[in-house]
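Asks: I'd like to ask you about the structure that follows.
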2 protein chains.
Amino acid sequence: MAYKAPVRDLTFILNEVLEIDRYTNQPGFQDVSSDLVQQVLEEGAKFAEEVIAPINHSGDKEGCHWDNGVVTGPKGWKEAYQAMVEAGWPALSADPAYGGQGMPAVVGMAFGQFTAGASAAFSMYPGLTAGAYAGIHANASEELKTKYLPKMATGEWGGTMNLTEPQCGTDLGMVRTKAVPQGDGTYKITGQKIWISAGEHDFTDNIIHTVLARVEGAPAGIKGLSLFLVPKVMVNDDGSLGERNSLQCAGLEHKMGIHGNATCVMQYDDATGWLIGEEGRGMNNMFVVMNEARLGTGLQGLAIGAAAYQAALEFAKDRIQGRSLTGPKNPDAQADSIMVHPDVRRMLLEAKAFVEGGQAFVLWTALQADLEKSADEATATKAKDYMGLLTPVLKAYLTDKGFHVASLGMQVHGGSGYTEHFQASQYLRDARITMIYEGTNGIQALDLVGRKLPSNGGRAIMSWFADIDAFVAENGADTPIKPFVDGLTDAKKKLQEATMWLMQNGMQNPDNAGAASTDYLNLFGLTALAYMWAQMAKAAQAQIDAGSDDPFYVTKLQTGRYFVERILPDAHGHLVKLKTGAEVLMQMPAEAF
Amino acid sequence: MAYKAPVRDLTFILNEVLEIDRYTNQPGFQDVSSDLVQQVLEEGAKFAEEVIAPINHSGDKEGCHWDNGVVTGPKGWKEAYQAMVEAGWPALSADPAYGGQGMPAVVGMAFGQFTAGASAAFSMYPGLTAGAYAGIHANASEELKTKYLPKMATGEWGGTMNLTEPQCGTDLGMVRTKAVPQGDGTYKITGQKIWISAGEHDFTDNIIHTVLARVEGAPAGIKGLSLFLVPKVMVNDDGSLGERNSLQCAGLEHKMGIHGNATCVMQYDDATGWLIGEEGRGMNNMFVVMNEARLGTGLQGLAIGAAAYQAALEFAKDRIQGRSLTGPKNPDAQADSIMVHPDVRRMLLEAKAFVEGGQAFVLWTALQADLEKSADEATATKAKDYMGLLTPVLKAYLTDKGFHVASLGMQVHGGSGYTEHFQASQYLRDARITMIYEGTNGIQALDLVGRKLPSNGGRAIMSWFADIDAFVAENGADTPIKPFVDGLTDAKKKLQEATMWLMQNGMQNPDNAGAASTDYLNLFGLTALAYMWAQMAKAAQAQIDAGSDDPFYVTKLQTGRYFVERILPDAHGHLVKLKTGAEVLMQMPAEAF
């Protein structure tokens, strides 16, 4: 089936819901009009549909190849990658000072949904480069930035993030990779890193690794970690390539999905590296990168779900099987399309309502990443607060539900979906990793309740609640969108009650916060999507009120109605569960499990 | 990791909850004591752990091989299969009149959990034979039964069920495979069947296919279908094997999981077959088999979940990462076990509480299969009613949740779980098919609300509600198990309200029944598990009250408490959702999706 990038849905959000035309006074938006966004996304969609999507399924089947340290991608992937570099897509929202085109993050995150939907595994090659670029951009010296960033911005060189080791993933304080200063500004890096996405491949002449390591003599734990830039091939002062650095890919991981992406065991043996930022600030530097990476991971889970929905819909429309419960709808054929069945529609609408709400959530949050750079301090602070608060929610909620949607997509296919002939299996297998990497969803929930929520005395969530209250006050009158506003009001009330419970009980016993964390995050995700749906309903209703007869707006309201009536009621269960506290979890001794 | 069959959990259910010692007056139970059950299950556990489990992961990696119609299983599978036949396990609960050992179904279903947990793909070989055996046993002539059943009972010959064709799965009325009577009691069968599990392999000398086909000249649709017995190798009158029949495996399906099971495209070209039962009664004959097969599929989903839980628990106990939120629990080590984290315990308890509740649900329902044969008409009728009503609930609810548990198991593993080095991926991939085959879970939900519920004026559910009411009346006093009884009371009340809503609104518009079906089934599943947990809590509490200091009983109550506090609250959402009706699903035209 041919992947179609959701241009109309995303331009609706960008231009009609977020109204990005309003932001021309903000840095990066000066030359950004809704017309330009439309044009960029149409071009981007074409590229994703015609160049990336066609190699996705074959790449899943073939996987990557390792031969004595040399890694090659699936057939056609190198060519597609190089076409992407030539077309300039990786540089879309990178800094113009270092090779980028300077489009706002919100536009980059729209295009990102197309590439991840067309091929999640493929999108990780530019995605990891962008992560490494961000880490270097935020913290490295001007010299390193000038030397490495321009070619990373264009995608001419790749980039990676090296954190995990066999003995530590979540708990990076246990990192053993060591760095020995050479007295000339360089360090020798030695150690093994695992699960390094895009760690080695044949798509680019060079790969710039960012590596978390411990300088010899540094303290144990998190505080002893530093971040290093370690190129695969040494770069001469004139920018030309020199010798191979002493690092290599020792093997590939065999995984359930994302087969087209090379997940590498990386071996560093006295490899030459340069410090990014200051010694002992490795984790802080990494956190900058991780927030963007987490947004990207949430987006990826969502985009896979969106593609899975498309595939399921196409299958359902074509599949002739059985009859409508209310009598034949296509009496001349041997059977009706399975679209006549309420339960098939339930699965499709569950997917559609989540996907479209998630798309708004991603772009709304990406807009905060842009507004963080605002010259207006209040705007910048608020945007920064929201980014901090909502990143773990977005990452975990959208990946959990993205996987759920991929599973629904398989279910719509029936037995066909379980065979590798269709792509339903690939979507399900690919989506599953997004719940794990860039911090498992459990870690996101803990980050939310333990760090983001109490930060600055709860300023971020209080401000977010106030925004919702203002929206409700403005739109809560008896209008056609009242059900959306009422749904939002109810979800927000439950989230507020849950927040209060957390404040009272989480302080007193941190295990209560841990015990409530995942249900709290899910309740938060539901409330965020209710807020997005209310805003989309408002924008769609405004068009209808203004006389538009585009069926797009009616469909949007109908899809949103599904969200309110058949997804939002889960809020109740999350609230009840999280208030049960830690005892039921902690009372059992480990050996009794 | 080494699979351990859950002997203690199942003997607790059989002997202490269901008290099968009470049934010695029922057919098949005469010689069955709790001691015998204990002995059989201990032996069965040993076989599953030592012979079947060790070939599960390697079989997933290797898969089956097809060469010009000849299919061979993964390395070691033929030997394991033959060891199973020699040990007599396939015959455990088959009819003594035709080669079986005559143990009750409830004991067979306990052993079945061990084989499916040890290897779902492997367990399908005897599983499909048992399905074919049941179909022949219920409907075929004495001559066919005598000739084929004894060697199928022992597993010396395999068996299959051939229903699906490329153009039809759910809607079998569209079957095209044809049967031409030869005037000598035989038929020539011609057509293609797909997704035939265990359709061809090298484990046995013969495979007895049961095939749904249309006799030449029979009417279109369901009513024109007949069921045939079609052996791979012709059987002479003296029982010796003759020539190959003209059928073959035209290829294997490439699937997401259950790689060790050969999923075959079967080609019948004028193959010789014998009618099972009467012409035109094919679907009715198949329904007998399907109820048992659906019970077996629910069991399989559950058993995979149980194995996934075990693997996750073992990983969690060994994984040293991070510190407890309430301060180091293992200060001498570099980190604590992840068992200290409430959210890890949440995932494990979610799995454990579902698995143990599901185990009781399977055995409780299997007991109804035994009681159906009771000489007492009231007992037999009630058991038959319960089998009919609860089979779709059990199939869909246990497979949905079995997959959910397998996914939780992967999440506990973190990144390790996504690699094929651990078995978490296999469990997740294997579990996913159980939601689809033997009737998708959506079809189960439709069967429940459209057929099983209204059957005999709702007699089955009214009787089941009365049983629950009696249990509540007997145990609802202020005792330690009151929270279990209260949880059951509340769930049953919601299910009753949902049933009333269905009666009022489903009649008026069948799409309302379809729209409510999946939420209704889930609410039913929750109520069934609440009933099981209340009974288990009662049995455990009785032991504690009688002075037992076996920690097993305390753990059982703690696990059940998790079910009541953190799983049962989902009932609310299901009720609210199902009452929204069909409009939100049906209003959108198919082309607007």
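Starting from 1 in every chain, residues are counted up; chains themselves are A, B, ... following the order of the structure tokens, and ligands are numbered from 1 as listed.
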Using 12 Å as the limit and counting only C-alpha atoms, can you tabulate each residue of segment 374-471 of chain A that touches segment 502-508 of chain A, with its shortest atom-to-atom distance in Å and the two atoms involved, as a tab-separated table?
Replies:
```
residue	atom	partner	partner_atom	distance
A:Leu446	CA	A:Gly506	CA	11.5
A:Leu448	CA	A:Leu502	CA	11.4
A:Val449	CA	A:Leu502	CA	8.0
A:Gly450	CA	A:Gly506	CA	8.7
A:Arg451	CA	A:Gly506	CA	12.0
A:Leu453	CA	A:Met503	CA	9.5
A:Pro454	CA	A:Met503	CA	8.4
A:Gly457	CA	A:Met503	CA	10.6
A:Gly458	CA	A:Met503	CA	9.7
```
Asks: Residues near Gly169 of chain A, anyone? I mean within 10 Å using only C-alpha atoms, not counting same-chain ones fewer than 6 positions away, as a JSON list (two decimals) with C-alpha atoms, in the first residue's frame.
Replies:
```json
[["chain", "number", "residue", "atom", "x", "y", "z"],
["A", 163, "LEU", "CA", 25.03, 6.39, 26.32],
["A", 175, "VAL", "CA", 28.97, 4.19, 32.93],
["A", 194, "ILE", "CA", 25.59, -0.88, 23.08],
["A", 195, "TRP", "CA", 22.31, -0.25, 21.22],
["A", 437, "TYR", "CA", 14.23, 3.83, 24.04],
["A", 438, "GLU", "CA", 15.07, 7.40, 24.98],
["A", 439, "GLY", "CA", 14.05, 6.44, 28.52],
["A", 440, "THR", "CA", 11.40, 3.76, 29.06],
["B", 321, "GLN", "CA", 19.95, -0.53, 38.13],
["B", 322, "GLY", "CA", 19.22, 2.67, 40.01],
["B", 414, "GLY", "CA", 13.77, -2.51, 28.79],
["B", 415, "GLY", "CA", 15.97, -2.47, 25.69],
["B", 416, "SER", "CA", 17.07, -6.07, 26.28]]
```
Asks: Please run DSSP on the backbone and report, as a PyMOL selection string, all residues within segment 198-354 of chain A that come out as alpha helix (DSSP H).
Replies: chain A and resi 282-318+342-354
Asks: Okay, now the selection with N, CA and C atoms, as a short mmCIF file (atom, residue, chain, number, x, y, z; two decimals), in the first residue's frame?
Replies:
```cif
data_model
loop_
_atom_site.label_atom_id
_atom_site.label_comp_id
_atom_site.auth_asym_id
_atom_site.auth_seq_id
_atom_site.Cartn_x
_atom_site.Cartn_y
_atom_site.Cartn_z
N GLY A 282 28.54 16.10 31.67
CA GLY A 282 28.07 15.23 30.57
C GLY A 282 26.58 15.00 30.59
N MET A 283 26.06 14.69 31.79
CA MET A 283 24.64 14.38 31.86
C MET A 283 23.79 15.62 31.60
N ASN A 284 24.22 16.75 32.13
CA ASN A 284 23.47 17.99 31.90
C ASN A 284 23.44 18.30 30.40
N ASN A 285 24.60 18.12 29.76
CA ASN A 285 24.66 18.36 28.32
C ASN A 285 23.74 17.40 27.57
N MET A 286 23.73 16.17 28.05
CA MET A 286 22.93 15.15 27.39
C MET A 286 21.43 15.45 27.54
N PHE A 287 21.07 16.04 28.67
CA PHE A 287 19.65 16.31 28.91
C PHE A 287 19.07 17.24 27.85
N VAL A 288 19.86 18.21 27.41
CA VAL A 288 19.41 19.11 26.35
C VAL A 288 19.02 18.30 25.12
N VAL A 289 19.91 17.38 24.78
CA VAL A 289 19.68 16.54 23.61
C VAL A 289 18.49 15.62 23.85
N MET A 290 18.42 15.10 25.08
CA MET A 290 17.40 14.09 25.36
C MET A 290 15.99 14.65 25.24
N ASN A 291 15.77 15.89 25.65
CA ASN A 291 14.44 16.46 25.51
C ASN A 291 13.99 16.47 24.05
N GLU A 292 14.90 16.91 23.18
CA GLU A 292 14.54 16.90 21.76
C GLU A 292 14.36 15.48 21.25
N ALA A 293 15.25 14.59 21.71
CA ALA A 293 15.17 13.21 21.26
C ALA A 293 13.87 12.56 21.73
N ARG A 294 13.43 12.94 22.92
CA ARG A 294 12.18 12.37 23.45
C ARG A 294 10.97 12.86 22.69
N LEU A 295 11.02 14.13 22.31
CA LEU A 295 9.96 14.66 21.46
C LEU A 295 9.95 13.88 20.14
N GLY A 296 11.14 13.66 19.61
CA GLY A 296 11.26 12.93 18.34
C GLY A 296 10.78 11.50 18.47
N THR A 297 10.98 10.90 19.64
CA THR A 297 10.54 9.52 19.84
C THR A 297 9.02 9.45 19.95
N GLY A 298 8.45 10.40 20.66
CA GLY A 298 6.98 10.46 20.74
C GLY A 298 6.38 10.63 19.35
N LEU A 299 6.96 11.54 18.60
CA LEU A 299 6.54 11.77 17.22
C LEU A 299 6.64 10.48 16.40
N GLN A 300 7.70 9.73 16.61
CA GLN A 300 7.90 8.50 15.85
C GLN A 300 6.82 7.47 16.16
N GLY A 301 6.53 7.29 17.45
CA GLY A 301 5.48 6.34 17.84
C GLY A 301 4.15 6.73 17.21
N LEU A 302 3.88 8.01 17.25
CA LEU A 302 2.63 8.52 16.67
C LEU A 302 2.61 8.30 15.15
N ALA A 303 3.71 8.63 14.50
CA ALA A 303 3.75 8.56 13.04
C ALA A 303 3.62 7.12 12.55
N ILE A 304 4.21 6.18 13.28
CA ILE A 304 4.04 4.76 12.91
C ILE A 304 2.57 4.39 13.06
N GLY A 305 1.96 4.85 14.16
CA GLY A 305 0.53 4.60 14.36
C GLY A 305 -0.30 5.16 13.21
N ALA A 306 0.06 6.37 12.77
CA ALA A 306 -0.68 7.01 11.68
C ALA A 306 -0.57 6.19 10.39
N ALA A 307 0.63 5.70 10.13
CA ALA A 307 0.83 4.88 8.92
C ALA A 307 0.07 3.56 9.05
N ALA A 308 0.07 2.99 10.25
CA ALA A 308 -0.63 1.73 10.48
C ALA A 308 -2.14 1.91 10.29
N TYR A 309 -2.63 3.06 10.72
CA TYR A 309 -4.06 3.37 10.53
C TYR A 309 -4.39 3.42 9.04
N GLN A 310 -3.57 4.12 8.29
CA GLN A 310 -3.78 4.22 6.84
C GLN A 310 -3.86 2.85 6.19
N ALA A 311 -2.90 2.00 6.55
CA ALA A 311 -2.84 0.66 5.94
C ALA A 311 -4.09 -0.14 6.31
N ALA A 312 -4.51 -0.02 7.57
CA ALA A 312 -5.70 -0.75 8.02
C ALA A 312 -6.94 -0.26 7.30
N LEU A 313 -7.03 1.05 7.13
CA LEU A 313 -8.18 1.64 6.45
C LEU A 313 -8.26 1.15 5.00
N GLU A 314 -7.13 1.15 4.35
CA GLU A 314 -7.12 0.69 2.96
C GLU A 314 -7.55 -0.77 2.86
N PHE A 315 -7.03 -1.58 3.81
CA PHE A 315 -7.41 -3.00 3.82
C PHE A 315 -8.91 -3.14 4.06
N ALA A 316 -9.43 -2.40 5.04
CA ALA A 316 -10.84 -2.53 5.41
C ALA A 316 -11.76 -2.15 4.25
N LYS A 317 -11.38 -1.10 3.53
CA LYS A 317 -12.23 -0.68 2.42
C LYS A 317 -12.28 -1.74 1.33
N ASP A 318 -11.17 -2.44 1.12
CA ASP A 318 -11.10 -3.44 0.06
C ASP A 318 -11.66 -4.80 0.46
N PRO A 342 -19.82 -2.00 12.91
CA PRO A 342 -19.51 -1.03 13.96
C PRO A 342 -18.17 -1.31 14.65
N ASP A 343 -17.86 -2.59 14.88
CA ASP A 343 -16.65 -2.87 15.64
C ASP A 343 -15.38 -2.62 14.82
N VAL A 344 -15.47 -2.78 13.51
CA VAL A 344 -14.33 -2.41 12.65
C VAL A 344 -14.16 -0.90 12.67
N ARG A 345 -15.27 -0.19 12.58
CA ARG A 345 -15.22 1.28 12.67
C ARG A 345 -14.70 1.74 14.03
N ARG A 346 -15.06 1.01 15.08
CA ARG A 346 -14.54 1.35 16.41
C ARG A 346 -13.01 1.32 16.40
N MET A 347 -12.44 0.27 15.82
CA MET A 347 -10.98 0.16 15.80
C MET A 347 -10.37 1.29 14.97
N LEU A 348 -10.98 1.57 13.82
CA LEU A 348 -10.44 2.61 12.95
C LEU A 348 -10.57 3.99 13.57
N LEU A 349 -11.73 4.25 14.20
CA LEU A 349 -11.92 5.58 14.81
C LEU A 349 -11.05 5.76 16.06
N GLU A 350 -10.86 4.67 16.79
CA GLU A 350 -9.96 4.72 17.94
C GLU A 350 -8.58 5.17 17.46
N ALA A 351 -8.16 4.61 16.35
CA ALA A 351 -6.85 4.95 15.77
C ALA A 351 -6.85 6.39 15.27
N LYS A 352 -7.86 6.73 14.49
CA LYS A 352 -7.92 8.05 13.85
C LYS A 352 -8.00 9.18 14.90
N ALA A 353 -8.85 8.97 15.90
CA ALA A 353 -9.03 10.01 16.92
C ALA A 353 -7.76 10.22 17.73
N PHE A 354 -7.08 9.12 18.02
CA PHE A 354 -5.82 9.27 18.73
C PHE A 354 -4.77 9.94 17.85
#
```
Asks: So, counting only C-alpha atoms, which residue among A:Phe484, A:Lys395, A:Leu575, A:Leu529 is closest to Trp501 of chain A?
Replies: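 Looking at the shortest contact to Trp501 of chain A, the residue is A:Leu575.
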Asks: Neighbouring residues of Lys4 of chain A were defined as those with any atom within 10 Å, considering only C-alpha atoms; residues of the same chain fewer than 3 positions away were excluded. Please report them as a list in words.
Replies: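 The residues that qualify are Met1, Val7, Ala45, Lys46, Ala48, Glu49, Glu50, Ala53, Phe114, Gly117, Ala118, Ala306, Ala307, Gln310 and Ala311 of chain A.
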Asks: Which residues are near Ala537 of chain A? Cut-off 12 Å, only C-alpha atoms, ignore same chain within fewer than 6 positions. Put them as a PyMOL selection string.
Replies: chain A and resi 12-13+16-17+356-357+360+475+479-485+488+529-531+543-545+552-561+563-564
Asks: Using only C-alpha atoms for the distances, tell me which of B:Gly547, B:Gly388, B:Gly487, B:Gly257 is nearest to chain A.
Replies: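 The closest residue to chain A is B:Gly257.
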Asks: Go through A:Lys492, A:Cys264, A:Glu278, A:Gly525 one by one, measure the shortest atom-to-atom distance of each to chain B using only C-alpha atoms, and give the residue with the smallest value.
Replies: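 With only C-alpha atoms as the atom set, the closest residue is A:Cys264.
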Asks: Need to verify the contact set: segment 66-74 of chain B, 8 Å, only C-alpha atoms, exclusion of same-chain residues closer than 6 positions in sequence. Can you return it as a ChimeraX atom specification?
Replies: /B:58-59,200-203,248-252,260-262
Asks: Restricting the calculation to only C-alpha atoms, which member of B:Tyr562, B:Tyr268, B:Tyr125, B:Trp77 is positioned closest to Gly155 of chain B?
Replies: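 Nearest to Gly155 of chain B: B:Tyr125.
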Asks: I want to know what sits within 10 Å of Met410 of chain A, based on only C-alpha atoms, with residues of the same chain fewer than 2 positions away left out; could you give that as an MDAnalysis selection string?
Replies: (chainID A and resid 308:309 311:312 404:408 412:419 422:428) or (chainID B and resid 432:433 436)
Asks: Show me, as JSON, numbers by chain, the residues that have an atom within 8 Å of segment 213-220 of chain A when counting only C-alpha atoms, minus same-chain residues fewer than 5 positions from it.
Replies: {"A": [173, 174, 175, 176, 177, 178, 179, 180, 181, 189, 225, 226, 227, 228, 279, 280, 282]}
Asks: Go through segment 18-189 of chain B and collect every residue that DSSP, computed from the backbone, puts in strand (DSSP E); the answer should be as a PyMOL selection string.
Replies: chain B and resi 65-67+70-72+158-162+178-181+186-189
Asks: Output C-alpha atoms for every residue in the selection just made, as a short mmCIF file (atom, residue, chain, number, x, y, z; two decimals), in the first residue's frame.
Replies:
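The result, written out as result-v3.cif:
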```cif
data_model
loop_
_atom_site.label_atom_id
_atom_site.label_comp_id
_atom_site.auth_asym_id
_atom_site.auth_seq_id
_atom_site.Cartn_x
_atom_site.Cartn_y
_atom_site.Cartn_z
CA HIS B 65 11.34 -25.47 6.09
CA TRP B 66 9.48 -26.16 2.88
CA ASP B 67 11.01 -28.04 0.00
CA VAL B 70 7.92 -31.52 2.07
CA VAL B 71 7.87 -29.64 5.37
CA THR B 72 10.36 -30.16 8.16
CA GLY B 158 -1.60 -35.57 13.29
CA GLY B 159 -4.83 -33.70 12.48
CA THR B 160 -5.84 -30.32 11.10
CA MET B 161 -8.80 -28.01 10.56
CA ASN B 162 -9.17 -26.58 7.03
CA LYS B 178 -15.71 -28.40 -3.90
CA ALA B 179 -16.52 -32.04 -3.21
CA VAL B 180 -17.74 -34.43 -5.90
CA PRO B 181 -19.46 -37.65 -4.73
CA THR B 186 -16.10 -41.21 -1.11
CA TYR B 187 -15.80 -37.67 -2.47
CA LYS B 188 -13.14 -35.99 -4.60
CA ILE B 189 -12.09 -32.75 -2.91
#
```
Asks: Record the distance separating atom CA of Leu495 of chain B and atom CA of Phe403 of chain B, expressed in Å with one decimal.
Replies: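 Result for atom CA of Leu495 of chain B versus atom CA of Phe403 of chain B: 23.9 Å, one decimal.
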Asks: One number please: atom CA of Tyr133 of chain B to atom CA of Gly183 of chain B, in Å, one decimal.
Replies: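 If I compute the distance from atom CA of Tyr133 of chain B to atom CA of Gly183 of chain B, I get 26.0 Å.
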Asks: Report, in Å with one decimal, the straight-line distance from atom CA of Leu275 of chain B to atom CA of Asp238 of chain B.
Replies: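 Distance between the two atoms: 20.5 Å.
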Asks: Measuring atom to atom with only C-alpha atoms, identify which of B:Gly44, B:Gly108, B:Pro569, B:Pro90 is nearest to chain A.
Replies: B:Pro569
